[in-house]
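Engineer: Pasting run-v5.cif here (mmCIF, C-alpha atoms):
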```cif
data_model
#
loop_
_atom_site.label_atom_id
_atom_site.label_comp_id
_atom_site.auth_asym_id
_atom_site.auth_seq_id
_atom_site.Cartn_x
_atom_site.Cartn_y
_atom_site.Cartn_z
CA MET A 1 -55.21 17.87 -21.66
CA PHE A 2 -51.81 16.42 -20.78
CA ASP A 3 -50.15 18.67 -23.37
CA GLU A 4 -51.65 21.67 -21.58
CA LEU A 5 -50.37 20.48 -18.22
CA ARG A 6 -46.90 19.52 -19.46
CA PRO A 7 -45.37 23.05 -19.33
CA HIS A 8 -46.66 23.47 -15.77
CA LEU A 9 -45.24 20.09 -14.76
CA VAL A 10 -41.88 20.98 -16.26
CA GLU A 11 -41.88 24.27 -14.40
CA LEU A 12 -42.91 22.55 -11.17
CA ARG A 13 -40.09 20.03 -11.56
CA LYS A 14 -37.62 22.86 -12.08
CA ARG A 15 -38.77 24.72 -8.97
CA LEU A 16 -38.74 21.55 -6.88
CA ALA A 17 -35.23 20.70 -8.10
CA ILE A 18 -33.92 24.13 -7.11
CA SER A 19 -35.64 23.92 -3.71
CA VAL A 20 -34.28 20.44 -3.00
CA GLY A 21 -30.82 21.44 -4.21
CA SER A 22 -30.73 24.46 -1.91
CA LEU A 23 -31.92 22.27 0.96
CA ILE A 24 -29.11 19.76 0.36
CA VAL A 25 -26.44 22.47 0.19
CA MET A 26 -27.77 24.10 3.35
CA PHE A 27 -27.88 20.71 5.09
CA PHE A 28 -24.12 20.22 4.69
CA VAL A 29 -23.51 23.79 5.87
CA MET A 30 -25.65 23.26 8.96
CA PHE A 31 -24.14 19.86 9.69
CA TYR A 32 -20.83 21.62 10.24
CA PHE A 33 -22.50 23.69 12.97
CA HIS A 34 -24.67 20.91 14.40
CA GLU A 35 -23.09 21.02 17.87
CA PRO A 36 -23.93 24.67 18.70
CA LEU A 37 -27.32 24.18 17.07
CA LEU A 38 -28.01 21.14 19.26
CA ASN A 39 -26.86 23.06 22.34
CA TRP A 40 -29.35 25.81 21.46
CA MET A 41 -32.16 23.29 21.01
CA VAL A 42 -31.44 21.47 24.28
CA GLU A 43 -31.13 24.63 26.38
CA PRO A 44 -34.86 24.80 27.31
CA LEU A 45 -34.69 21.15 28.36
CA ASN A 46 -31.62 21.76 30.53
CA VAL A 47 -33.37 24.69 32.19
CA ALA A 48 -36.41 22.49 32.93
CA LEU A 49 -34.18 19.74 34.36
CA ALA A 50 -32.45 22.31 36.54
CA GLU A 51 -35.86 23.34 37.81
CA VAL A 52 -36.50 19.72 38.75
CA GLY A 53 -33.34 19.91 40.83
CA LYS A 54 -34.88 22.62 42.93
CA LYS A 55 -38.07 20.68 43.57
CA SER A 56 -37.10 17.01 43.66
CA VAL A 57 -34.70 14.72 45.50
CA HIS A 58 -34.13 13.00 42.13
CA ALA A 59 -32.48 16.12 40.72
CA ALA A 60 -29.02 14.59 40.41
CA ASP A 61 -30.41 11.71 38.36
CA GLY A 62 -32.22 13.86 35.79
CA MET A 63 -30.35 13.79 32.49
CA VAL A 64 -30.56 13.65 28.71
CA THR A 65 -29.85 10.17 27.33
CA THR A 66 -29.75 8.22 24.08
CA SER A 67 -31.11 4.71 23.64
CA GLN A 68 -29.72 3.92 20.18
CA VAL A 69 -26.35 2.87 18.81
CA GLY A 70 -25.28 5.88 16.81
CA GLY A 71 -28.09 7.92 18.35
CA ALA A 72 -25.93 11.03 18.55
CA PHE A 73 -25.20 10.83 14.81
CA PHE A 74 -28.88 10.55 13.87
CA VAL A 75 -29.71 13.43 16.17
CA ALA A 76 -27.04 15.51 14.40
CA LEU A 77 -28.72 14.67 11.08
CA LYS A 78 -32.15 15.72 12.38
CA VAL A 79 -30.80 18.95 13.82
CA SER A 80 -28.99 19.76 10.57
CA PHE A 81 -32.07 19.05 8.48
CA PHE A 82 -34.24 21.26 10.70
CA ALA A 83 -31.74 24.12 10.45
CA ALA A 84 -31.35 23.55 6.70
CA ILE A 85 -35.07 24.09 6.14
CA LEU A 86 -34.86 27.38 8.00
CA GLY A 87 -31.77 28.41 6.07
CA ALA A 88 -33.21 27.45 2.68
CA LEU A 89 -36.64 28.96 3.38
CA PRO A 90 -36.04 32.20 1.40
CA ILE A 91 -35.06 30.18 -1.68
CA ILE A 92 -38.02 27.82 -1.25
CA LEU A 93 -40.43 30.76 -0.94
CA ALA A 94 -38.87 32.34 -4.03
CA GLN A 95 -39.47 29.14 -6.00
CA ILE A 96 -43.11 29.04 -4.87
CA TRP A 97 -43.59 32.61 -6.06
CA MET A 98 -41.84 31.98 -9.37
CA PHE A 99 -44.09 28.99 -9.99
CA ILE A 100 -47.28 31.02 -9.59
CA ALA A 101 -45.84 34.21 -11.14
CA PRO A 102 -46.84 33.41 -14.78
CA GLY A 103 -50.49 33.68 -13.74
CA LEU A 104 -50.04 37.09 -12.11
CA TYR A 105 -50.22 40.64 -13.44
CA ALA A 106 -47.00 42.60 -13.94
CA ASN A 107 -47.51 44.68 -10.78
CA GLU A 108 -48.22 41.53 -8.75
CA LYS A 109 -45.04 39.82 -9.94
CA LYS A 110 -43.03 42.60 -8.32
CA MET A 111 -44.21 41.46 -4.88
CA ILE A 112 -41.70 38.60 -4.76
CA ILE A 113 -39.32 40.43 -2.38
CA PRO A 114 -42.04 41.31 0.16
CA PHE A 115 -43.32 37.73 -0.08
CA ILE A 116 -39.88 36.26 0.65
CA LEU A 117 -39.00 38.74 3.40
CA GLY A 118 -42.44 38.57 5.01
CA GLY A 119 -42.64 34.77 4.87
CA THR A 120 -39.12 34.26 6.21
CA THR A 121 -39.50 36.87 8.95
CA MET A 122 -42.84 35.55 10.21
CA PHE A 123 -41.59 31.97 10.21
CA ALA A 124 -38.58 33.04 12.27
CA VAL A 125 -40.84 35.01 14.64
CA GLY A 126 -42.99 31.90 15.10
CA VAL A 127 -39.94 29.77 15.89
CA LEU A 128 -38.58 32.33 18.36
CA PHE A 129 -41.98 32.70 20.01
CA ALA A 130 -42.18 28.94 20.46
CA TYR A 131 -38.61 28.78 21.79
CA TYR A 132 -38.72 31.67 24.25
CA VAL A 133 -42.39 31.63 25.31
CA VAL A 134 -44.01 28.25 24.74
CA THR A 135 -41.28 25.70 25.46
CA PRO A 136 -40.23 27.17 28.85
CA PHE A 137 -43.81 26.83 30.15
CA GLY A 138 -44.48 23.51 28.41
CA PHE A 139 -41.25 21.77 29.38
CA ASP A 140 -41.34 23.05 32.93
CA PHE A 141 -44.85 21.64 33.39
CA LEU A 142 -44.28 18.33 31.61
CA ILE A 143 -40.90 17.50 33.16
CA THR A 144 -41.44 18.73 36.71
CA PHE A 145 -44.89 17.16 36.95
CA GLY A 146 -44.44 13.95 38.93
CA SER A 147 -40.69 14.44 39.28
CA PHE A 148 -41.00 13.89 43.04
CA LYS A 149 -41.79 10.25 42.21
CA PHE A 150 -39.93 9.57 38.97
CA THR A 151 -36.46 10.28 37.66
CA PRO A 152 -36.57 12.31 34.41
CA LEU A 153 -34.37 10.53 31.85
CA ILE A 154 -35.09 12.33 28.58
CA ASN A 155 -34.36 10.49 25.33
CA ILE A 156 -32.60 12.95 23.02
CA GLU A 157 -34.03 11.39 19.85
CA ASP A 158 -37.59 11.82 21.12
CA TYR A 159 -36.84 15.31 22.37
CA VAL A 160 -35.42 16.56 19.06
CA GLY A 161 -38.42 15.19 17.17
CA PHE A 162 -40.80 16.79 19.67
CA PHE A 163 -38.89 20.09 19.60
CA THR A 164 -38.80 20.38 15.81
CA LYS A 165 -42.51 19.57 15.55
CA ILE A 166 -43.37 22.45 17.86
CA MET A 167 -40.97 24.84 16.10
CA PHE A 168 -42.34 24.03 12.65
CA GLY A 169 -45.91 24.21 13.92
CA PHE A 170 -45.46 27.72 15.25
CA GLY A 171 -43.38 28.79 12.26
CA LEU A 172 -46.11 27.74 9.84
CA ALA A 173 -48.82 29.23 12.08
CA PHE A 174 -47.15 32.65 11.98
CA GLU A 175 -47.23 32.56 8.18
CA LEU A 176 -51.02 33.07 8.30
CA PRO A 177 -50.98 36.91 8.05
CA VAL A 178 -48.50 36.76 5.17
CA PHE A 179 -50.55 34.32 3.11
CA ALA A 180 -53.76 36.20 3.99
CA TYR A 181 -52.19 39.42 2.69
CA PHE A 182 -51.16 37.94 -0.64
CA LEU A 183 -54.43 36.06 -1.11
CA ALA A 184 -56.25 39.36 -0.55
CA LEU A 185 -53.86 41.11 -2.91
CA LEU A 186 -54.76 38.58 -5.60
CA GLY A 187 -58.46 39.10 -4.88
CA MET A 188 -58.98 35.52 -3.73
CA VAL A 189 -60.37 36.40 -0.30
CA ASP A 190 -61.97 39.40 1.43
CA ASP A 191 -62.55 40.31 5.07
CA ARG A 192 -66.22 39.28 5.03
CA GLN A 193 -65.33 35.77 3.92
CA MET A 194 -62.66 35.44 6.61
CA THR A 195 -64.99 36.81 9.28
CA ALA A 196 -67.72 34.34 8.28
CA PHE A 197 -65.18 31.50 8.48
CA PHE A 198 -63.93 32.56 11.93
CA LYS A 199 -66.05 30.10 13.93
CA TYR A 200 -64.82 27.22 11.79
CA ALA A 201 -61.26 28.53 12.02
CA ILE A 202 -61.37 28.30 15.83
CA VAL A 203 -62.28 24.61 15.63
CA ILE A 204 -59.52 23.96 13.08
CA ILE A 205 -57.01 25.90 15.21
CA PHE A 206 -57.68 23.80 18.30
CA ILE A 207 -57.47 20.59 16.26
CA VAL A 208 -54.11 21.67 14.80
CA ALA A 209 -52.88 22.71 18.25
CA ALA A 210 -53.84 19.31 19.66
CA LEU A 211 -51.95 17.53 16.86
CA LEU A 212 -48.79 19.63 17.11
CA THR A 213 -48.43 19.86 20.88
CA PRO A 214 -48.17 17.40 23.76
CA PRO A 215 -51.42 16.13 25.32
CA ASP A 216 -51.63 18.87 27.95
CA VAL A 217 -54.05 21.80 27.97
CA LEU A 218 -51.41 24.43 28.79
CA THR A 219 -49.27 23.87 25.68
CA GLN A 220 -52.33 23.56 23.44
CA LEU A 221 -53.64 26.91 24.69
CA LEU A 222 -50.21 28.48 24.21
CA MET A 223 -50.45 27.52 20.54
CA ALA A 224 -54.17 28.05 19.95
CA GLY A 225 -54.21 31.50 21.59
CA PRO A 226 -51.62 33.12 19.27
CA LEU A 227 -53.22 31.41 16.26
CA ILE A 228 -56.59 32.96 17.05
CA VAL A 229 -54.93 36.36 17.48
CA LEU A 230 -53.09 35.90 14.17
CA TYR A 231 -56.35 35.05 12.44
CA GLY A 232 -57.86 38.26 13.80
CA ILE A 233 -54.83 40.22 12.57
CA SER A 234 -55.20 38.53 9.18
CA ILE A 235 -58.82 39.74 8.96
CA LEU A 236 -57.66 43.32 9.56
CA ILE A 237 -54.92 42.97 6.95
CA VAL A 238 -57.35 41.58 4.39
CA LYS A 239 -59.80 44.39 5.16
CA LEU A 240 -57.11 46.95 4.33
CA VAL A 241 -55.96 45.17 1.16
CA ASN A 242 -59.21 43.80 -0.29
CA PRO A 243 -62.26 45.00 1.66
CA ALA A 244 -65.58 43.37 0.88
CA PRO A 245 -68.05 45.61 -0.96
CA PRO A 246 -70.94 47.02 1.11
CA LEU A 247 -73.92 44.72 1.42
CA GLU A 248 -76.10 47.23 -0.43
CA GLU A 249 -73.88 46.90 -3.51
CA ASP A 250 -74.07 43.12 -3.31
CA GLU A 251 -77.86 43.24 -3.20
CA ASP A 252 -77.99 45.67 -6.17
CA GLU A 253 -75.71 43.39 -8.20
CA ALA A 254 -77.82 40.38 -7.33
CA ALA A 255 -80.97 42.23 -8.43
#
```
For the structure just supplied, provide its representation as structure tokens.

Structural biologist:
Amino acid sequence: MFDELRPHLVELRKRLAISVGSLIVMFFVMFYFHEPLLNWMVEPLNVALAEVGKKSVHAADGMVTTSQVGGAFFVALKVSFFAAILGALPIILAQIWMFIAPGLYANEKKMIIPFILGGTTMFAVGVLFAYYVVTPFGFDFLITFGSFKFTPLINIEDYVGFFTKIMFGFGLAFELPVFAYFLALLGMVDDRQMTAFFKYAIVIIFIVAALLTPPDVLTQLLMAGPLIVLYGISILIVKLVNPAPPLEEDEDEAA
């Protein structure tokens, strides 16, 4: 049994090595640009703090701080790593496809370019949606709430970790239609199966939203809502690619 698995393990190691190597190279590239990247990440926070200034007498005291020796350096590392994953994503997706390609038909192997482009594009759309739609509402609510009593001193280390978690959460969530399309293309799922699973998917979506967002209803709904819509879009995509056979045919086959 191990002899049968060995070629797959060798191939997996090769694909992982290429993915990690591309991630390391991209990390050093992104570290060079960590300052503008950090400025981009902190912009929604600065906007929310400015909003506090309009509503609270503590406005002048609101600021972004660090509580660690060398905190700025570790933040630069986190920012660079986050950006490196985004930059290396096309290569990582290519390695995933190449790993499963030996088990595909010749016409299916040609789908590598759409898989890479679709996966990268949807991940980027998810990140941009989180940045321009979700974080302005979420940060404005979380930071301004109670600001008339307390001075908002935001720890940059905590903020970067919180920010990247939301960005990755939405990026992965927006991959759902892409993976649904390719699973349908491979005949692994049809629209009837996805429709039947919809009620369970809603529960899973709200659990994931609760884990990936702060403990406030607004931000959770801002994540759960698009996920439910994306699941519905995925059902339509699967129906076009691999529609379930009519129930009459199923009953005839069973008979």

Engineer: Could you expand the PyMOL selection byres ((chain A and resi 165) around 12) into the explicit residues it covers here, written as a ChimeraX atom specification?

Structural biologist: /A:78-79,82,127,130-131,135,158-164,166-172,208-209,211-214

Engineer: Considering only C-alpha atoms, state which residue in the set A:Pro246, A:Gly71, A:Pro177, A:Gly232 is at the smallest distance from Lys199 in chain A.

Structural biologist: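 Of all the options, A:Gly232 lies closest to Lys199 in chain A.
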
Engineer: Since I can't run it myself right now, could you work out what the PyMOL selection byres ((chain A and resi 35-42) around 9) selects here and report it as an mmCIF file with C-alpha atoms, in the coordinates of the input?

Structural biologist:
```cif
data_model
loop_
_atom_site.group_PDB
_atom_site.id
_atom_site.type_symbol
_atom_site.label_atom_id
_atom_site.label_comp_id
_atom_site.auth_asym_id
_atom_site.auth_seq_id
_atom_site.Cartn_x
_atom_site.Cartn_y
_atom_site.Cartn_z
ATOM 1 C CA MET A 30 -25.650 23.260 8.960
ATOM 2 C CA PHE A 31 -24.140 19.860 9.690
ATOM 3 C CA TYR A 32 -20.830 21.620 10.240
ATOM 4 C CA PHE A 33 -22.500 23.690 12.970
ATOM 5 C CA HIS A 34 -24.670 20.910 14.400
ATOM 6 C CA GLU A 43 -31.130 24.630 26.380
ATOM 7 C CA PRO A 44 -34.860 24.800 27.310
ATOM 8 C CA LEU A 45 -34.690 21.150 28.360
ATOM 9 C CA ASN A 46 -31.620 21.760 30.530
ATOM 10 C CA VAL A 47 -33.370 24.690 32.190
ATOM 11 C CA VAL A 75 -29.710 13.430 16.170
ATOM 12 C CA ALA A 76 -27.040 15.510 14.400
ATOM 13 C CA VAL A 79 -30.800 18.950 13.820
ATOM 14 C CA SER A 80 -28.990 19.760 10.570
ATOM 15 C CA ALA A 83 -31.740 24.120 10.450
ATOM 16 C CA TYR A 131 -38.610 28.780 21.790
ATOM 17 C CA ILE A 156 -32.600 12.950 23.020
ATOM 18 C CA TYR A 159 -36.840 15.310 22.370
ATOM 19 C CA VAL A 160 -35.420 16.560 19.060
ATOM 20 C CA PHE A 163 -38.890 20.090 19.600
ATOM 21 C CA THR A 164 -38.800 20.380 15.810
#
```

Engineer: What is the distance between CA of Asp140 in chain A and CA of Ala50 in chain A, in Å to one decimal?

Structural biologist: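 Rounded to one decimal, the two atoms are 9.6 Å apart.
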
Engineer: Rank nothing, just name the residue among A:Val133, A:Leu186, A:Ala244, A:Ile202 nearest to Leu227 in chain A, using all atoms listed in the file.

Structural biologist: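 Between A:Val133, A:Leu186, A:Ala244, A:Ile202, the residue approaching Leu227 in chain A most closely is A:Ile202.
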
Engineer: Distance CA of Pro90 in chain A-CA of Gly225 in chain A, one decimal place?

Structural biologist: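 The value is 27.2 Å.
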
Engineer: From the options A:Val64, A:Phe182, A:Ala210, A:Pro226, which residue's atoms come nearest to Val125 in chain A, counting all atoms listed in the file?

Structural biologist: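 Nearest to Val125 in chain A: A:Pro226.
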
Engineer: Record the distance separating CA of Ala94 in chain A and CA of Leu240 in chain A, expressed in Å with one decimal.

Structural biologist: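 About the pair CA of Ala94 in chain A and CA of Leu240 in chain A: they are 24.8 Å apart.
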
Engineer: Calculated over all atoms listed in the file, which of the candidates A:Ala106, A:Ala88, A:Leu176, A:Ile116 has the smallest distance to Met194 in chain A?

Structural biologist: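 Among A:Ala106, A:Ala88, A:Leu176, A:Ile116, it is A:Leu176 that comes nearest to Met194 in chain A.
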
Engineer: Considering all atoms listed in the file, can you say which of A:Asn107, A:Thr219, A:Asn242, A:Asn155 comes closest to Phe141 in chain A?

Structural biologist: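 When distances to Phe141 in chain A are compared using all atoms listed in the file, the smallest one comes from A:Thr219.
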
Engineer: Please determine, counting all atoms listed in the file, which residue among A:Thr195, A:Leu153, A:Met188, A:Leu12 has the shortest atom-to-atom distance to Thr66 in chain A.

Structural biologist: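 Closest to Thr66 in chain A, using all atoms listed in the file: A:Leu153.
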
Engineer: Which neighbours of Leu86 in chain A fall inside 9 Å, counting all atoms listed in the file, when residues of the same chain fewer than 5 positions from it are skipped, and could you give them as a PyMOL selection string?

Structural biologist: chain A and resi 81+120+123-124

Engineer: If the PyMOL selection byres ((chain A and resi 178) around 10) is run on the structure shown, which residues does it catch, given as a PyMOL selection string?

Structural biologist: chain A and resi 114-123+174-177+179-184+234+237

Engineer: What residues have an atom no more than 12 Å from (-45.2, 25.6, 33.5) in the file's own frame, counting only C-alpha atoms, and can you write them as a ChimeraX atom specification?

Structural biologist: /A:47-48,51-52,133-145,216-219,222

Engineer: Please complete range 125-140 of chain A so it has N, CA, C and O atoms, and hand it over as a PDB file, in the coordinates of the input.

Structural biologist:
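What follows is the written file out-v4.pdb:
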```pdb
ATOM      1  N   VAL A 125     -40.153  34.498  13.449  1.00  0.00           N
ATOM      2  CA  VAL A 125     -40.840  35.010  14.640  1.00  0.00           C
ATOM      3  C   VAL A 125     -41.612  33.888  15.323  1.00  0.00           C
ATOM      4  O   VAL A 125     -41.619  33.788  16.557  1.00  0.00           O
ATOM      5  N   GLY A 126     -42.257  33.024  14.529  1.00  0.00           N
ATOM      6  CA  GLY A 126     -42.990  31.900  15.100  1.00  0.00           C
ATOM      7  C   GLY A 126     -42.068  30.941  15.835  1.00  0.00           C
ATOM      8  O   GLY A 126     -42.394  30.466  16.936  1.00  0.00           O
ATOM      9  N   VAL A 127     -40.910  30.659  15.251  1.00  0.00           N
ATOM     10  CA  VAL A 127     -39.940  29.770  15.890  1.00  0.00           C
ATOM     11  C   VAL A 127     -39.427  30.376  17.194  1.00  0.00           C
ATOM     12  O   VAL A 127     -39.346  29.697  18.227  1.00  0.00           O
ATOM     13  N   LEU A 128     -39.093  31.662  17.157  1.00  0.00           N
ATOM     14  CA  LEU A 128     -38.580  32.330  18.360  1.00  0.00           C
ATOM     15  C   LEU A 128     -39.648  32.429  19.441  1.00  0.00           C
ATOM     16  O   LEU A 128     -39.342  32.295  20.634  1.00  0.00           O
ATOM     17  N   PHE A 129     -40.886  32.656  19.031  1.00  0.00           N
ATOM     18  CA  PHE A 129     -41.980  32.700  20.010  1.00  0.00           C
ATOM     19  C   PHE A 129     -42.130  31.339  20.684  1.00  0.00           C
ATOM     20  O   PHE A 129     -42.295  31.255  21.909  1.00  0.00           O
ATOM     21  N   ALA A 130     -42.074  30.277  19.894  1.00  0.00           N
ATOM     22  CA  ALA A 130     -42.180  28.940  20.460  1.00  0.00           C
ATOM     23  C   ALA A 130     -41.012  28.639  21.397  1.00  0.00           C
ATOM     24  O   ALA A 130     -41.184  28.031  22.457  1.00  0.00           O
ATOM     25  N   TYR A 131     -39.820  29.084  21.009  1.00  0.00           N
ATOM     26  CA  TYR A 131     -38.610  28.780  21.790  1.00  0.00           C
ATOM     27  C   TYR A 131     -38.583  29.535  23.114  1.00  0.00           C
ATOM     28  O   TYR A 131     -38.264  28.956  24.160  1.00  0.00           O
ATOM     29  N   TYR A 132     -38.889  30.836  23.067  1.00  0.00           N
ATOM     30  CA  TYR A 132     -38.720  31.670  24.250  1.00  0.00           C
ATOM     31  C   TYR A 132     -39.981  31.799  25.107  1.00  0.00           C
ATOM     32  O   TYR A 132     -39.888  32.226  26.264  1.00  0.00           O
ATOM     33  N   VAL A 133     -41.145  31.472  24.561  1.00  0.00           N
ATOM     34  CA  VAL A 133     -42.390  31.630  25.310  1.00  0.00           C
ATOM     35  C   VAL A 133     -43.052  30.294  25.612  1.00  0.00           C
ATOM     36  O   VAL A 133     -43.388  29.998  26.761  1.00  0.00           O
ATOM     37  N   VAL A 134     -43.229  29.480  24.580  1.00  0.00           N
ATOM     38  CA  VAL A 134     -44.010  28.250  24.740  1.00  0.00           C
ATOM     39  C   VAL A 134     -43.219  27.147  25.428  1.00  0.00           C
ATOM     40  O   VAL A 134     -43.688  26.556  26.410  1.00  0.00           O
ATOM     41  N   THR A 135     -42.029  26.842  24.911  1.00  0.00           N
ATOM     42  CA  THR A 135     -41.280  25.700  25.460  1.00  0.00           C
ATOM     43  C   THR A 135     -40.894  25.870  26.933  1.00  0.00           C
ATOM     44  O   THR A 135     -40.935  24.879  27.673  1.00  0.00           O
ATOM     45  N   PRO A 136     -40.528  27.075  27.415  1.00  0.00           N
ATOM     46  CA  PRO A 136     -40.230  27.170  28.850  1.00  0.00           C
ATOM     47  C   PRO A 136     -41.409  26.751  29.728  1.00  0.00           C
ATOM     48  O   PRO A 136     -41.236  26.013  30.698  1.00  0.00           O
ATOM     49  N   PHE A 137     -42.635  27.203  29.374  1.00  0.00           N
ATOM     50  CA  PHE A 137     -43.810  26.830  30.150  1.00  0.00           C
ATOM     51  C   PHE A 137     -44.131  25.347  29.964  1.00  0.00           C
ATOM     52  O   PHE A 137     -44.404  24.622  30.933  1.00  0.00           O
ATOM     53  N   GLY A 138     -44.113  24.902  28.695  1.00  0.00           N
ATOM     54  CA  GLY A 138     -44.480  23.510  28.410  1.00  0.00           C
ATOM     55  C   GLY A 138     -43.527  22.509  29.028  1.00  0.00           C
ATOM     56  O   GLY A 138     -43.962  21.538  29.672  1.00  0.00           O
ATOM     57  N   PHE A 139     -42.225  22.721  28.847  1.00  0.00           N
ATOM     58  CA  PHE A 139     -41.250  21.770  29.380  1.00  0.00           C
ATOM     59  C   PHE A 139     -41.216  21.790  30.901  1.00  0.00           C
ATOM     60  O   PHE A 139     -41.070  20.747  31.535  1.00  0.00           O
ATOM     61  N   ASP A 140     -41.343  22.973  31.479  1.00  0.00           N
ATOM     62  CA  ASP A 140     -41.340  23.050  32.930  1.00  0.00           C
ATOM     63  C   ASP A 140     -42.506  22.252  33.511  1.00  0.00           C
ATOM     64  O   ASP A 140     -42.342  21.517  34.491  1.00  0.00           O
TER      65      ASP A 140
END
```
